[in-house]
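*Asks:* File follows, protein_12.pdb with PDB, C-alpha atoms:
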```pdb
MODEL        1
ATOM      1  CA  MET Q  28    -101.780 144.240  39.883
ATOM      2  CA  HIS Q  29    -104.466 143.766  37.237
ATOM      3  CA  GLU Q  30    -104.623 140.034  37.993
ATOM      4  CA  LEU Q  31    -107.725 140.537  40.133
ATOM      5  CA  SER Q  32    -109.613 142.007  37.136
ATOM      6  CA  LEU Q  33    -108.432 139.078  35.024
ATOM      7  CA  ILE Q  34    -109.646 136.620  37.642
ATOM      8  CA  ALA Q  35    -112.988 138.456  37.829
ATOM      9  CA  ASN Q  36    -113.303 137.896  34.047
ATOM     10  CA  LEU Q  37    -112.292 134.261  34.539
ATOM     11  CA  PHE Q  38    -115.069 133.712  37.083
ATOM     12  CA  GLU Q  39    -117.624 135.255  34.730
ATOM     13  CA  ILE Q  40    -116.634 132.750  32.056
ATOM     14  CA  MET Q  41    -116.432 129.842  34.543
ATOM     15  CA  GLU Q  42    -119.839 130.530  36.062
ATOM     16  CA  GLN Q  43    -121.488 130.908  32.674
ATOM     17  CA  LYS Q  44    -119.991 127.638  31.369
ATOM     18  CA  ALA Q  45    -120.881 125.774  34.587
ATOM     19  CA  LYS Q  46    -124.480 126.956  34.246
ATOM     20  CA  GLU Q  47    -124.647 125.813  30.624
ATOM     21  CA  LYS Q  48    -123.466 122.351  31.700
ATOM     22  CA  ASN Q  49    -125.769 122.231  34.786
ATOM     23  CA  ALA Q  50    -122.735 121.762  37.026
ATOM     24  CA  LYS Q  51    -123.060 121.789  40.813
ATOM     25  CA  LYS Q  52    -119.418 122.468  41.445
ATOM     26  CA  ILE Q  53    -116.204 123.370  39.688
ATOM     27  CA  THR Q  54    -113.398 121.214  41.100
ATOM     28  CA  TYR Q  55    -110.474 122.006  38.808
ATOM     29  CA  VAL Q  56    -109.492 124.909  36.552
ATOM     30  CA  LYS Q  57    -106.603 125.011  34.116
ATOM     31  CA  LEU Q  58    -105.215 128.284  32.754
ATOM     32  CA  LYS Q  59    -102.685 128.757  29.999
ATOM     33  CA  VAL Q  60    -100.644 131.881  30.649
ATOM     34  CA  GLY Q  61     -98.399 133.305  27.942
ATOM     35  CA  ALA Q  62     -94.908 134.318  29.049
ATOM     36  CA  LEU Q  63     -95.738 137.745  27.613
ATOM     37  CA  SER Q  64     -99.403 137.823  28.549
ATOM     38  CA  GLY Q  65     -98.664 140.548  31.087
ATOM     39  CA  ALA Q  66    -100.033 138.431  33.954
ATOM     40  CA  VAL Q  67     -97.963 136.901  36.746
ATOM     41  CA  PRO Q  68     -98.858 133.263  37.603
ATOM     42  CA  ASP Q  69     -98.237 133.682  41.365
ATOM     43  CA  LEU Q  70    -100.491 136.744  41.473
ATOM     44  CA  LEU Q  71    -103.167 134.939  39.466
ATOM     45  CA  GLU Q  72    -103.097 132.149  42.058
ATOM     46  CA  THR Q  73    -103.426 134.618  44.920
ATOM     47  CA  ALA Q  74    -106.275 136.425  43.172
ATOM     48  CA  PHE Q  75    -107.991 133.091  42.409
ATOM     49  CA  ASP Q  76    -107.846 132.064  46.073
ATOM     50  CA  ILE Q  77    -109.291 135.401  47.176
ATOM     51  CA  TYR Q  78    -112.026 135.311  44.584
ATOM     52  CA  LYS Q  79    -113.172 131.689  44.834
ATOM     53  CA  LYS Q  80    -114.627 131.923  48.373
ATOM     54  CA  ASP Q  81    -118.411 131.445  48.385
ATOM     55  CA  THR Q  82    -118.542 130.657  44.681
ATOM     56  CA  ILE Q  83    -119.301 127.479  42.773
ATOM     57  CA  ALA Q  84    -115.522 126.998  42.605
ATOM     58  CA  SER Q  85    -114.828 127.410  46.330
ATOM     59  CA  ASP Q  86    -112.904 124.105  46.488
ATOM     60  CA  ALA Q  87    -111.430 124.255  43.007
ATOM     61  CA  LYS Q  88    -107.798 123.491  42.368
ATOM     62  CA  LEU Q  89    -106.077 125.880  39.973
ATOM     63  CA  GLU Q  90    -103.390 124.721  37.586
ATOM     64  CA  ILE Q  91    -101.370 127.212  35.534
ATOM     65  CA  GLU Q  92     -99.314 126.232  32.529
ATOM     66  CA  THR Q  93     -96.885 128.851  31.255
ATOM     67  CA  VAL Q  94     -96.675 129.110  27.481
ATOM     68  CA  PRO Q  95     -93.367 130.367  26.032
ATOM     69  CA  LEU Q  96     -93.285 133.056  23.358
ATOM     70  CA  LYS Q  97     -93.439 131.265  20.003
ATOM     71  CA  LEU Q  98     -92.804 133.118  16.758
ATOM     72  CA  LYS Q  99     -92.857 132.304  13.063
ATOM     73  CA  CYS Q 100     -90.698 134.142  10.555
ATOM     74  CA  LYS Q 101     -92.753 135.425   7.635
ATOM     75  CA  GLU Q 102     -89.663 135.465   5.381
ATOM     76  CA  CYS Q 103     -88.082 132.023   5.931
ATOM     77  CA  ASP Q 104     -90.914 130.193   7.770
ATOM     78  CA  ALA Q 105     -88.650 129.284  10.722
ATOM     79  CA  VAL Q 106     -90.571 128.662  13.952
ATOM     80  CA  MET Q 107     -88.775 129.577  17.182
ATOM     81  CA  GLU Q 108     -89.274 130.020  20.900
ATOM     82  CA  LYS Q 109     -87.761 133.212  22.300
ATOM     83  CA  ASP Q 110     -86.873 134.239  25.798
ATOM     84  CA  ASP Q 111     -84.169 136.853  25.127
ATOM     85  CA  LEU Q 112     -86.598 139.620  24.077
ATOM     86  CA  VAL Q 113     -84.737 140.284  20.839
ATOM     87  CA  LEU Q 114     -87.536 139.820  18.401
ATOM     88  CA  ASN Q 115     -85.840 139.040  15.114
ATOM     89  CA  CYS Q 116     -85.537 135.710  13.313
ATOM     90  CA  GLU Q 117     -82.648 133.626  14.645
ATOM     91  CA  LYS Q 118     -82.202 132.020  11.196
ATOM     92  CA  CYS Q 119     -82.375 134.912   8.716
ATOM     93  CA  GLY Q 120     -82.484 138.004  10.945
ATOM     94  CA  SER Q 121     -85.804 139.265   9.580
ATOM     95  CA  THR Q 122     -87.972 141.355  11.875
ATOM     96  CA  ASN Q 123     -91.101 140.316  10.023
ATOM     97  CA  LEU Q 124     -92.400 137.855  12.590
ATOM     98  CA  GLU Q 125     -95.793 136.487  13.448
ATOM     99  CA  THR Q 126     -96.678 135.587  17.027
ATOM    100  CA  LEU Q 127     -97.987 132.028  17.300
ATOM    101  CA  ALA Q 128     -98.278 131.762  21.087
ATOM    102  CA  GLY Q 129     -97.180 133.261  24.380
ATOM    103  CA  THR Q 130     -99.049 136.558  24.557
ATOM    104  CA  ASP Q 131    -102.511 135.374  25.573
ATOM    105  CA  LEU Q 132    -104.226 134.183  28.678
ATOM    106  CA  TYR Q 133    -106.722 131.351  28.264
ATOM    107  CA  LEU Q 134    -109.064 129.271  30.349
ATOM    108  CA  GLU Q 135    -108.213 125.917  28.809
ATOM    109  CA  LYS Q 136    -110.431 123.465  30.693
ATOM    110  CA  MET Q 137    -112.403 122.790  33.858
ATOM    111  CA  GLU Q 138    -113.557 119.772  35.794
ATOM    112  CA  LEU Q 139    -117.185 119.874  36.854
ATOM    113  CA  GLU Q 140    -119.361 117.919  39.219
ATOM    114  CA  VAL Q 141    -122.687 117.097  37.568
ATOM    115  CA  ASP Q 142    -125.640 114.932  38.584
TER     116      ASP Q 142
ATOM    117  CA  MET F  22    -122.435 113.014  41.518
ATOM    118  CA  LYS F  23    -119.983 112.426  38.687
ATOM    119  CA  LYS F  24    -117.059 114.439  37.482
ATOM    120  CA  LYS F  25    -116.421 115.473  33.917
ATOM    121  CA  GLN F  26    -113.763 117.551  32.229
ATOM    122  CA  VAL F  27    -114.802 120.172  29.705
ATOM    123  CA  MET F  28    -112.543 122.010  27.261
ATOM    124  CA  ILE F  29    -113.244 125.743  27.201
ATOM    125  CA  LEU F  30    -110.413 127.618  25.434
ATOM    126  CA  GLU F  31    -111.676 131.074  26.231
ATOM    127  CA  ASP F  32    -109.550 134.219  26.351
ATOM    128  CA  LEU F  33    -109.718 135.943  29.755
ATOM    129  CA  LEU F  34    -109.523 139.277  27.984
ATOM    130  CA  GLY F  35    -112.056 138.235  25.356
ATOM    131  CA  SER F  36    -114.840 140.537  26.574
ATOM    132  CA  ASN F  37    -112.461 143.519  26.733
ATOM    133  CA  LYS F  38    -111.149 142.746  23.236
ATOM    134  CA  LYS F  39    -114.697 142.587  21.881
ATOM    135  CA  ILE F  40    -115.710 145.964  23.353
ATOM    136  CA  ALA F  41    -112.410 147.495  22.177
ATOM    137  CA  GLY F  42    -112.977 146.124  18.683
ATOM    138  CA  ASP F  43    -116.428 147.754  18.555
ATOM    139  CA  ILE F  44    -115.015 151.095  19.759
ATOM    140  CA  ARG F  45    -112.216 150.982  17.174
ATOM    141  CA  LYS F  46    -114.679 150.213  14.387
ATOM    142  CA  LYS F  47    -117.000 153.096  15.342
ATOM    143  CA  LEU F  48    -114.149 155.602  15.760
ATOM    144  CA  THR F  49    -112.559 154.548  12.472
ATOM    145  CA  GLU F  50    -115.884 154.943  10.658
ATOM    146  CA  LYS F  51    -116.147 158.484  12.026
ATOM    147  CA  GLY F  52    -112.581 159.170  10.869
ATOM    148  CA  ILE F  53    -111.296 159.727  14.416
ATOM    149  CA  LEU F  54    -107.742 158.657  15.263
ATOM    150  CA  ALA F  55    -107.630 157.418  18.864
ATOM    151  CA  ILE F  56    -104.270 157.418  20.623
ATOM    152  CA  ASN F  57    -103.652 155.500  23.869
ATOM    153  CA  LEU F  58    -100.746 156.984  25.865
ATOM    154  CA  LEU F  59     -98.958 154.646  28.286
ATOM    155  CA  SER F  60     -96.141 155.302  30.725
ATOM    156  CA  SER F  61     -95.170 155.120  34.356
ATOM    157  CA  PRO F  62     -96.438 157.990  36.550
ATOM    158  CA  GLY F  63     -94.597 161.228  35.901
ATOM    159  CA  ALA F  64     -93.079 160.390  32.510
ATOM    160  CA  GLY F  65     -94.756 163.488  31.080
ATOM    161  CA  LYS F  66     -97.882 162.295  29.283
ATOM    162  CA  THR F  67     -99.963 165.322  30.264
ATOM    163  CA  SER F  68     -97.114 167.767  29.561
ATOM    164  CA  LEU F  69     -96.632 166.248  26.103
ATOM    165  CA  LEU F  70    -100.379 166.548  25.478
ATOM    166  CA  GLU F  71    -100.355 170.211  26.517
ATOM    167  CA  LYS F  72     -97.641 170.919  23.911
ATOM    168  CA  LEU F  73     -99.281 168.741  21.275
ATOM    169  CA  VAL F  74    -102.671 170.407  21.495
ATOM    170  CA  GLU F  75    -101.008 173.807  20.996
ATOM    171  CA  ILE F  76     -99.516 172.550  17.727
ATOM    172  CA  LEU F  77    -102.608 170.696  16.486
ATOM    173  CA  ARG F  78    -105.335 173.093  17.667
ATOM    174  CA  PRO F  79    -105.252 175.568  14.760
ATOM    175  CA  ASP F  80    -106.086 172.892  12.190
ATOM    176  CA  TYR F  81    -107.595 169.956  14.035
ATOM    177  CA  LYS F  82    -110.345 169.193  16.517
ATOM    178  CA  MET F  83    -109.446 166.990  19.461
ATOM    179  CA  ALA F  84    -110.542 165.790  22.886
ATOM    180  CA  VAL F  85    -108.803 164.020  25.729
ATOM    181  CA  ILE F  86    -109.826 161.233  28.103
ATOM    182  CA  GLU F  87    -107.737 161.299  31.259
ATOM    183  CA  GLY F  88    -107.328 158.195  33.391
ATOM    184  CA  ASP F  89    -106.097 158.459  36.956
ATOM    185  CA  ILE F  90    -106.705 156.663  40.213
ATOM    186  CA  GLU F  91    -107.920 159.855  41.870
ATOM    187  CA  THR F  92    -108.367 163.611  41.201
ATOM    188  CA  GLU F  93    -109.545 165.724  38.284
ATOM    189  CA  ARG F  94    -106.153 167.465  37.932
ATOM    190  CA  ASP F  95    -105.068 166.242  34.513
ATOM    191  CA  ALA F  96    -108.429 166.949  32.884
ATOM    192  CA  GLU F  97    -108.303 170.465  34.370
ATOM    193  CA  ARG F  98    -104.857 171.039  32.821
ATOM    194  CA  ILE F  99    -106.187 170.048  29.388
ATOM    195  CA  ARG F 100    -109.399 172.101  29.784
ATOM    196  CA  ALA F 101    -107.227 175.107  30.628
ATOM    197  CA  LYS F 102    -105.946 174.822  27.042
ATOM    198  CA  GLY F 103    -109.531 175.103  25.763
ATOM    199  CA  ILE F 104    -109.778 171.416  24.894
ATOM    200  CA  GLN F 105    -112.670 169.163  25.898
ATOM    201  CA  ALA F 106    -111.533 166.612  28.468
ATOM    202  CA  TRP F 107    -113.150 163.891  30.549
ATOM    203  CA  GLN F 108    -111.598 162.515  33.706
ATOM    204  CA  ILE F 109    -112.029 158.831  34.489
ATOM    205  CA  SER F 110    -111.117 158.274  38.140
ATOM    206  CA  THR F 111    -110.631 154.542  38.477
ATOM    207  CA  GLY F 112    -110.778 154.670  42.289
ATOM    208  CA  GLY F 113    -107.860 152.311  42.688
ATOM    209  CA  ALA F 114    -107.761 150.311  39.451
ATOM    210  CA  CYS F 115    -104.319 150.364  37.861
ATOM    211  CA  HIS F 116    -105.460 150.641  34.238
ATOM    212  CA  LEU F 117    -108.282 151.785  31.980
ATOM    213  CA  ASP F 118    -110.332 149.132  30.220
ATOM    214  CA  ALA F 119    -112.501 149.247  27.121
ATOM    215  CA  LYS F 120    -115.741 149.281  29.119
ATOM    216  CA  MET F 121    -114.746 152.589  30.772
ATOM    217  CA  ILE F 122    -114.157 154.157  27.345
ATOM    218  CA  GLY F 123    -117.404 152.653  26.051
ATOM    219  CA  LYS F 124    -119.387 154.411  28.815
ATOM    220  CA  LEU F 125    -118.147 157.776  27.551
ATOM    221  CA  PHE F 126    -118.708 156.986  23.922
ATOM    222  CA  SER F 127    -122.014 158.847  23.474
ATOM    223  CA  GLU F 128    -120.370 162.086  24.689
ATOM    224  CA  ILE F 129    -117.535 161.993  22.150
ATOM    225  CA  PRO F 130    -118.192 164.589  19.412
ATOM    226  CA  PRO F 131    -118.464 162.804  16.042
ATOM    227  CA  ASP F 132    -116.470 165.488  14.208
ATOM    228  CA  LEU F 133    -113.201 165.004  16.111
ATOM    229  CA  ASP F 134    -109.893 164.421  14.373
ATOM    230  CA  PHE F 135    -107.961 163.111  17.366
ATOM    231  CA  LEU F 136    -109.073 161.418  20.576
ATOM    232  CA  PHE F 137    -106.240 161.146  23.072
ATOM    233  CA  ILE F 138    -106.591 158.660  25.911
ATOM    234  CA  GLU F 139    -104.087 159.181  28.692
ATOM    235  CA  ASN F 140    -103.922 155.913  30.605
ATOM    236  CA  VAL F 141    -103.330 155.519  34.342
ATOM    237  CA  GLY F 142     -99.610 155.971  35.052
ATOM    238  CA  ASN F 143     -98.305 152.386  35.108
ATOM    239  CA  LEU F 144     -95.926 150.683  32.703
ATOM    240  CA  VAL F 145     -97.289 147.186  33.367
ATOM    241  CA  CYS F 146    -101.044 146.668  33.582
ATOM    242  CA  PRO F 147    -102.384 149.080  30.904
ATOM    243  CA  ALA F 148    -100.384 147.161  28.277
ATOM    244  CA  SER F 149    -102.797 144.218  28.527
ATOM    245  CA  PHE F 150    -105.969 146.230  27.877
ATOM    246  CA  ASP F 151    -106.960 147.240  24.363
ATOM    247  CA  LEU F 152    -109.065 150.425  24.566
ATOM    248  CA  GLY F 153    -110.045 150.487  20.898
ATOM    249  CA  GLU F 154    -107.232 152.855  19.975
ATOM    250  CA  SER F 155    -105.640 153.026  16.526
ATOM    251  CA  ILE F 156    -102.249 154.084  17.828
ATOM    252  CA  ARG F 157    -100.594 153.108  21.092
ATOM    253  CA  CYS F 158     -97.699 155.241  22.349
ATOM    254  CA  VAL F 159     -95.403 154.415  25.213
ATOM    255  CA  LEU F 160     -93.380 157.156  26.923
ATOM    256  CA  LEU F 161     -90.133 156.621  28.776
ATOM    257  CA  SER F 162     -88.588 159.639  30.459
ATOM    258  CA  ILE F 163     -84.872 160.241  30.950
ATOM    259  CA  PRO F 164     -84.981 159.965  34.802
ATOM    260  CA  GLU F 165     -86.478 156.461  34.560
ATOM    261  CA  GLY F 166     -83.357 154.977  32.971
ATOM    262  CA  ASP F 167     -82.475 153.577  29.557
ATOM    263  CA  ASP F 168     -82.928 149.883  30.499
ATOM    264  CA  LYS F 169     -86.715 149.866  30.800
ATOM    265  CA  PRO F 170     -87.954 148.481  27.451
ATOM    266  CA  LYS F 171     -86.690 144.973  28.227
ATOM    267  CA  LYS F 172     -87.745 145.174  31.868
ATOM    268  CA  TYR F 173     -91.307 146.103  30.898
ATOM    269  CA  PRO F 174     -91.490 144.515  27.443
ATOM    270  CA  LYS F 175     -95.234 144.237  26.976
ATOM    271  CA  ALA F 176     -95.809 148.000  26.919
ATOM    272  CA  PHE F 177     -93.156 148.377  24.213
ATOM    273  CA  MET F 178     -94.131 145.261  22.245
ATOM    274  CA  THR F 179     -97.725 146.397  21.902
ATOM    275  CA  SER F 180     -96.993 150.045  21.051
ATOM    276  CA  ASP F 181     -96.699 151.728  17.662
ATOM    277  CA  ALA F 182     -94.632 154.661  18.894
ATOM    278  CA  PHE F 183     -91.953 154.966  21.571
ATOM    279  CA  ILE F 184     -91.443 158.471  22.918
ATOM    280  CA  ILE F 185     -88.294 159.167  24.885
ATOM    281  CA  SER F 186     -89.416 162.180  26.921
ATOM    282  CA  LYS F 187     -87.693 164.899  28.966
ATOM    283  CA  THR F 188     -84.672 164.987  26.634
ATOM    284  CA  ASP F 189     -83.813 168.381  28.192
ATOM    285  CA  LEU F 190     -82.443 166.316  31.118
ATOM    286  CA  LEU F 191     -80.018 164.314  28.946
ATOM    287  CA  ASN F 192     -77.002 166.391  29.946
ATOM    288  CA  LYS F 193     -77.818 166.002  33.650
ATOM    289  CA  LEU F 194     -78.402 162.262  33.903
ATOM    290  CA  PRO F 195     -76.524 159.192  32.634
ATOM    291  CA  PHE F 196     -79.163 158.056  30.156
ATOM    292  CA  HIS F 197     -77.901 156.497  26.908
ATOM    293  CA  ILE F 198     -80.453 157.306  24.279
ATOM    294  CA  GLU F 199     -78.962 154.746  21.840
ATOM    295  CA  ARG F 200     -79.419 151.967  24.398
ATOM    296  CA  ALA F 201     -83.036 152.892  25.101
ATOM    297  CA  THR F 202     -83.736 153.101  21.360
ATOM    298  CA  GLN F 203     -82.053 149.744  20.693
ATOM    299  CA  GLU F 204     -83.915 148.032  23.533
ATOM    300  CA  GLY F 205     -87.203 149.390  22.180
ATOM    301  CA  LEU F 206     -86.355 148.123  18.687
ATOM    302  CA  ASP F 207     -85.242 144.731  20.055
ATOM    303  CA  VAL F 208     -88.600 144.026  21.635
ATOM    304  CA  ASN F 209     -90.515 145.653  18.783
ATOM    305  CA  PRO F 210     -88.618 146.122  15.504
ATOM    306  CA  LYS F 211     -91.556 148.070  13.999
ATOM    307  CA  ILE F 212     -91.813 150.694  16.736
ATOM    308  CA  LYS F 213     -91.292 154.341  15.723
ATOM    309  CA  VAL F 214     -88.995 156.233  18.062
ATOM    310  CA  PHE F 215     -89.407 159.922  18.940
ATOM    311  CA  LYS F 216     -87.305 162.063  21.253
ATOM    312  CA  THR F 217     -89.227 164.862  22.894
ATOM    313  CA  SER F 218     -89.053 167.541  25.532
ATOM    314  CA  ALA F 219     -92.198 169.318  26.665
ATOM    315  CA  VAL F 220     -89.940 171.930  28.318
ATOM    316  CA  ASP F 221     -88.049 173.144  25.233
ATOM    317  CA  GLY F 222     -90.439 171.679  22.634
ATOM    318  CA  THR F 223     -87.895 169.304  21.036
ATOM    319  CA  GLY F 224     -89.473 166.637  18.855
ATOM    320  CA  VAL F 225     -93.097 167.525  19.560
ATOM    321  CA  ASN F 226     -93.598 168.786  15.984
ATOM    322  CA  GLU F 227     -92.252 165.505  14.588
ATOM    323  CA  PHE F 228     -94.622 163.535  16.767
ATOM    324  CA  ALA F 229     -97.563 165.769  15.769
ATOM    325  CA  HIS F 230     -96.631 165.236  12.124
ATOM    326  CA  TYR F 231     -96.605 161.453  12.637
ATOM    327  CA  LEU F 232    -100.127 161.605  14.107
ATOM    328  CA  ILE F 233    -101.358 163.752  11.209
ATOM    329  CA  GLU F 234     -99.965 161.169   8.748
ATOM    330  CA  GLU F 235    -101.658 158.354  10.675
ATOM    331  CA  LEU F 236    -104.938 160.288  10.604
ATOM    332  CA  LYS F 237    -104.621 160.611   6.810
ATOM    333  CA  LYS F 238    -103.939 156.867   6.490
ATOM    334  CA  LEU F 239    -106.979 156.043   8.610
ATOM    335  CA  ARG F 240    -109.194 158.262   6.461
ATOM    336  CA  CYS F 241    -107.742 156.929   3.190
ATOM    337  CA  SER F 242    -108.531 153.386   4.278
ATOM    338  CA  ASN F 243    -112.104 154.545   4.947
ATOM    339  CA  ALA F 244    -112.499 156.068   1.506
TER     340      ALA F 244
ENDMDL
END
```
So that I can check it, write out the structure of this file as structure tokens.
*Replies:*
Amino acid sequence: MHELSLIANLFEIMEQKAKEKNAKKITYVKLKVGALSGAVPDLLETAFDIYKKDTIASDAKLEIETVPLKLKCKECDAVMEKDDLVLNCEKCGSTNLETLAGTDLYLEKMELEVD
Amino acid sequence: MKKKQVMILEDLLGSNKKIAGDIRKKLTEKGILAINLLSSPGAGKTSLLEKLVEILRPDYKMAVIEGDIETERDAERIRAKGIQAWQISTGGACHLDAKMIGKLFSEIPPDLDFLFIENVGNLVCPASFDLGESIRCVLLSIPEGDDKPKKYPKAFMTSDAFIISKTDLLNKLPFHIERATQEGLDVNPKIKVFKTSAVDGTGVNEFAHYLIEELKKLRCSNA
């Protein structure tokens, strides 16, 4: 359960950005969570709800979009989404793959209330 | 009061990645190979370290950072071998992060060859936190079962070496070493697989040799 530390980092970023924009409130937060980011969306939601009390985001709605694992083959340039955890190219079989998406955890956007 | 949407696109682990990057740069400049050991509790990280330091000690200088939720026990086991060790007691946190390593940084002797970091026993959370290591090793012990790499893929995907530990128990338990190896290679085709036993010493020399080669590579890239 490291989701609480991730949410603590999220709030640091959120509060800093809200301050930069002179926001009074954060009303909406959107996260992009990679299928292999190591974080569980349900646990992120729970942690968010625990953490948001008495903050600038106390009424904020959280939306989480899951991003599938997306790979590019460095040999044949094929781009593929994988969910079977066999990480070789489905076209040419090469194991020389580059990860394009699906391993990270991003704060994509927020909605702010400003004067 | 009006509402406006702002795009942010910021990585939640960005601050950890930045600190880890700084640690890696400093350690690499000093020619120190840092190794982050990951596994579930009881897979034999400390026992492997005890064997490893016996092999490496005559020719190399090393130190160990031990991460646990509570107690000083693991650091005491390493100190009993005459090796400098620090204990980080996380007090409940399920993983080490780069900031915890950064706090110790000034105490790390600059003339080390190897810095071992034994993470908190947990096959899930530590995988998401870069500590500034050069080599990440994941251990899976025979009693845990051969189907774990795909159940806990992140730890295996992000590791350089996969150590199947406690091989002395192979004849007592239905663990198929080929299946475990194949699952590890499925999720990470570049992972190097080692089979070790800290009880009879199997494979520990091979693993030590791998680390020595990695240390040479790190120093060559510095030169």
*Asks:* Please identify every residue of chain Q that has at least one atom no more than 7 Å from any atom of chain F, counting only C-alpha atoms, and report them as a PyMOL selection string.
*Replies:* chain Q and resi 28-29+33+36-37+63+65+112-114+122+132-142
*Asks:* Once the PyMOL selection byres ((chain Q and resi 90) around 10) is applied to the coordinates I shared, what remains selected? I want it as a list in words.
*Replies:*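 Checked against the file, the PyMOL selection byres ((chain Q and resi 90) around 10) matches Tyr55, Val56, Lys57, Leu58, Lys59, Pro68, Glu72, Ala87, Lys88, Leu89, Ile91, Glu92, Thr93, Lys136 and Met137 of chain Q.
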*Asks:* Can you spell out as number ranges by chain the set of residues that the PyMOL selection byres ((chain F and resi 180) around 9) selects in the structure I just provided?
*Replies:* F: 59, 148, 156-159, 175-179, 181-183, 209, 212-213
*Asks:* Might you spell out which residues the PyMOL selection byres ((chain F and resi 161) around 9) would select in the displayed file, as number ranges by chain?
*Replies:* F: 60-61, 64-65, 159-160, 162-167, 169-170, 183-187, 201
*Asks:* Which one of Q:Glu30, Q:Asp131, Q:Glu47, Q:Glu117 sits closest to Q:Glu102 if you count all atoms listed in the file?
*Replies:*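 Closest candidate: Q:Glu117.
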*Asks:* Starting from the point (-115.8, 152.3, 2.4), work out which residues of protein, DNA or RNA have an atom no more than 12 Å away when counting all atoms listed in the file; state them as a PyMOL selection string.
*Replies:* chain F and resi 49-52+239-244
*Asks:* So that I can check the surroundings of Q:Pro95, please list as a ChimeraX atom specification every protein, DNA and RNA residue that reaches within 9 Å of it, counting all atoms listed in the file and ignoring chain neighbours fewer than 6 positions away.
*Replies:* /Q:60-63,108-110,128-130
*Asks:* Dig up all the protein and nucleic acid residues within 6 Å of (-118.4, 124.3, 38.5) in the file frame, using all atoms listed in the file, and format them as an mmCIF file with C-alpha atoms, in the frame of the given file.
*Replies:*
```
data_model
loop_
_atom_site.group_PDB
_atom_site.id
_atom_site.type_symbol
_atom_site.label_atom_id
_atom_site.label_comp_id
_atom_site.auth_asym_id
_atom_site.auth_seq_id
_atom_site.Cartn_x
_atom_site.Cartn_y
_atom_site.Cartn_z
ATOM 1 C CA ALA Q 45 -120.881 125.774 34.587
ATOM 2 C CA ALA Q 50 -122.735 121.762 37.026
ATOM 3 C CA LYS Q 51 -123.060 121.789 40.813
ATOM 4 C CA LYS Q 52 -119.418 122.468 41.445
ATOM 5 C CA ILE Q 53 -116.204 123.370 39.688
ATOM 6 C CA ILE Q 83 -119.301 127.479 42.773
ATOM 7 C CA ALA Q 84 -115.522 126.998 42.605
ATOM 8 C CA LEU Q 139 -117.185 119.874 36.854
#
```
*Asks:* Missing atoms in stretch 157-168 of chain F should be modelled up to N, CA and C atoms and reported as a PDB file, keeping the file's coordinate frame.
*Replies:*
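Saved file part.pdb follows:
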```pdb
ATOM      1  N   ARG F 157    -101.008 153.169  19.692  1.00  0.00           N
ATOM      2  CA  ARG F 157    -100.594 153.108  21.092  1.00  0.00           C
ATOM      3  C   ARG F 157     -99.192 153.696  21.186  1.00  0.00           C
ATOM      4  N   CYS F 158     -99.009 154.603  22.163  1.00  0.00           N
ATOM      5  CA  CYS F 158     -97.699 155.241  22.349  1.00  0.00           C
ATOM      6  C   CYS F 158     -97.222 154.976  23.762  1.00  0.00           C
ATOM      7  N   VAL F 159     -95.976 154.587  23.889  1.00  0.00           N
ATOM      8  CA  VAL F 159     -95.403 154.415  25.213  1.00  0.00           C
ATOM      9  C   VAL F 159     -94.345 155.498  25.419  1.00  0.00           C
ATOM     10  N   LEU F 160     -94.382 156.135  26.592  1.00  0.00           N
ATOM     11  CA  LEU F 160     -93.380 157.156  26.923  1.00  0.00           C
ATOM     12  C   LEU F 160     -92.402 156.587  27.947  1.00  0.00           C
ATOM     13  N   LEU F 161     -91.146 156.942  27.771  1.00  0.00           N
ATOM     14  CA  LEU F 161     -90.133 156.621  28.776  1.00  0.00           C
ATOM     15  C   LEU F 161     -89.322 157.894  28.983  1.00  0.00           C
ATOM     16  N   SER F 162     -89.279 158.371  30.228  1.00  0.00           N
ATOM     17  CA  SER F 162     -88.588 159.639  30.459  1.00  0.00           C
ATOM     18  C   SER F 162     -87.142 159.386  30.896  1.00  0.00           C
ATOM     19  N   ILE F 163     -86.306 160.365  30.652  1.00  0.00           N
ATOM     20  CA  ILE F 163     -84.872 160.241  30.950  1.00  0.00           C
ATOM     21  C   ILE F 163     -84.611 159.813  32.415  1.00  0.00           C
ATOM     22  N   PRO F 164     -85.304 160.383  33.423  1.00  0.00           N
ATOM     23  CA  PRO F 164     -84.981 159.965  34.802  1.00  0.00           C
ATOM     24  C   PRO F 164     -85.289 158.493  35.097  1.00  0.00           C
ATOM     25  N   GLU F 165     -86.120 157.856  34.283  1.00  0.00           N
ATOM     26  CA  GLU F 165     -86.478 156.461  34.560  1.00  0.00           C
ATOM     27  C   GLU F 165     -85.370 155.477  34.205  1.00  0.00           C
ATOM     28  N   GLY F 166     -84.453 155.878  33.339  1.00  0.00           N
ATOM     29  CA  GLY F 166     -83.357 154.977  32.971  1.00  0.00           C
ATOM     30  C   GLY F 166     -83.560 154.331  31.616  1.00  0.00           C
ATOM     31  N   ASP F 167     -82.421 154.042  30.949  1.00  0.00           N
ATOM     32  CA  ASP F 167     -82.475 153.577  29.557  1.00  0.00           C
ATOM     33  C   ASP F 167     -82.706 152.065  29.419  1.00  0.00           C
ATOM     34  N   ASP F 168     -82.822 151.352  30.558  1.00  0.00           N
ATOM     35  CA  ASP F 168     -82.928 149.883  30.499  1.00  0.00           C
ATOM     36  C   ASP F 168     -84.356 149.377  30.635  1.00  0.00           C
TER      37      ASP F 168
END
```
